Amino acid sequence: MKKLIQFLSLLLAAFIAPLLLFAQSVEVTELTKIFDLETVAATLGSLGGAVIVVTQLLKKWFKAESKSAKWLSWAVSLLLSFLCWQLKVGMFVADASWIWLIINGAFAGLIANGLYDASILQAFKEILKKLGVFR
C-alpha cells in the first residue's frame, strides 16, 4: 500500500508540474521574425548556417546533385554576403570594403560545404598577415 501511494504521488507530481509551468501568463508583444537578416549576418557561423538552409531550399527547387549542389552553396554564400554588405547589416557594417565581402563569403561557403577547419583559418590568417590585411 505504501508503494502504491508513492507511485500515485509521483504520478500526480509528474502531471501537475508541467501544468503549473504552462499556466504562466506571458505577454507576447510582437511576433518573432522568421528570417532576420541582422541576426543572420551577425557572425560568420550564423551566416554559414543561413547558407546551409538557403542552399537546401534551393537544392530541392533546382534539383541539384552533389557537384552542382556545392557550386550552388558557393554561389549562395557569396550572394548572401553581398546582400548583407549592400544593406550594411551584421558584420558588414561601417566601412567594410568589398574584399571582406569575398573573404566572409568564402568562409561561409567553407562552413556550408564542410571544409572549414581551424587549421585552414590559421593558414589563411597567416597569409593575410603577410599581405598586410591584418595589422
# chains A, B, ... in the order shown; residues from 1 in each chain; ligands from 1
call {"tool": "residues_around", "arguments": {"residues": "range 37-48 of chain A", "least_positions_apart": "4", "cutoff": "6 Å", "atoms": "only C-alpha atoms", "output": "PyMOL selection string"}}
result
chain A and resi 89-91+108+111-112
call {"tool": "residues_around", "arguments": {"residues": "range 53-62 of chain A", "least_positions_apart": "6", "cutoff": "8 Å", "atoms": "only C-alpha atoms", "output": "count of residues only"}}
result
4
call {"tool": "atom_distance", "arguments": {"atom1": "CA of Leu128 in chain A", "atom2": "CA of Trp98 in chain A"}}
result
15.2 Å
call {"tool": "atom_distance", "arguments": {"atom1": "CA of Ser119 in chain A", "atom2": "CA of Leu79 in chain A"}}
result
25.7 Å
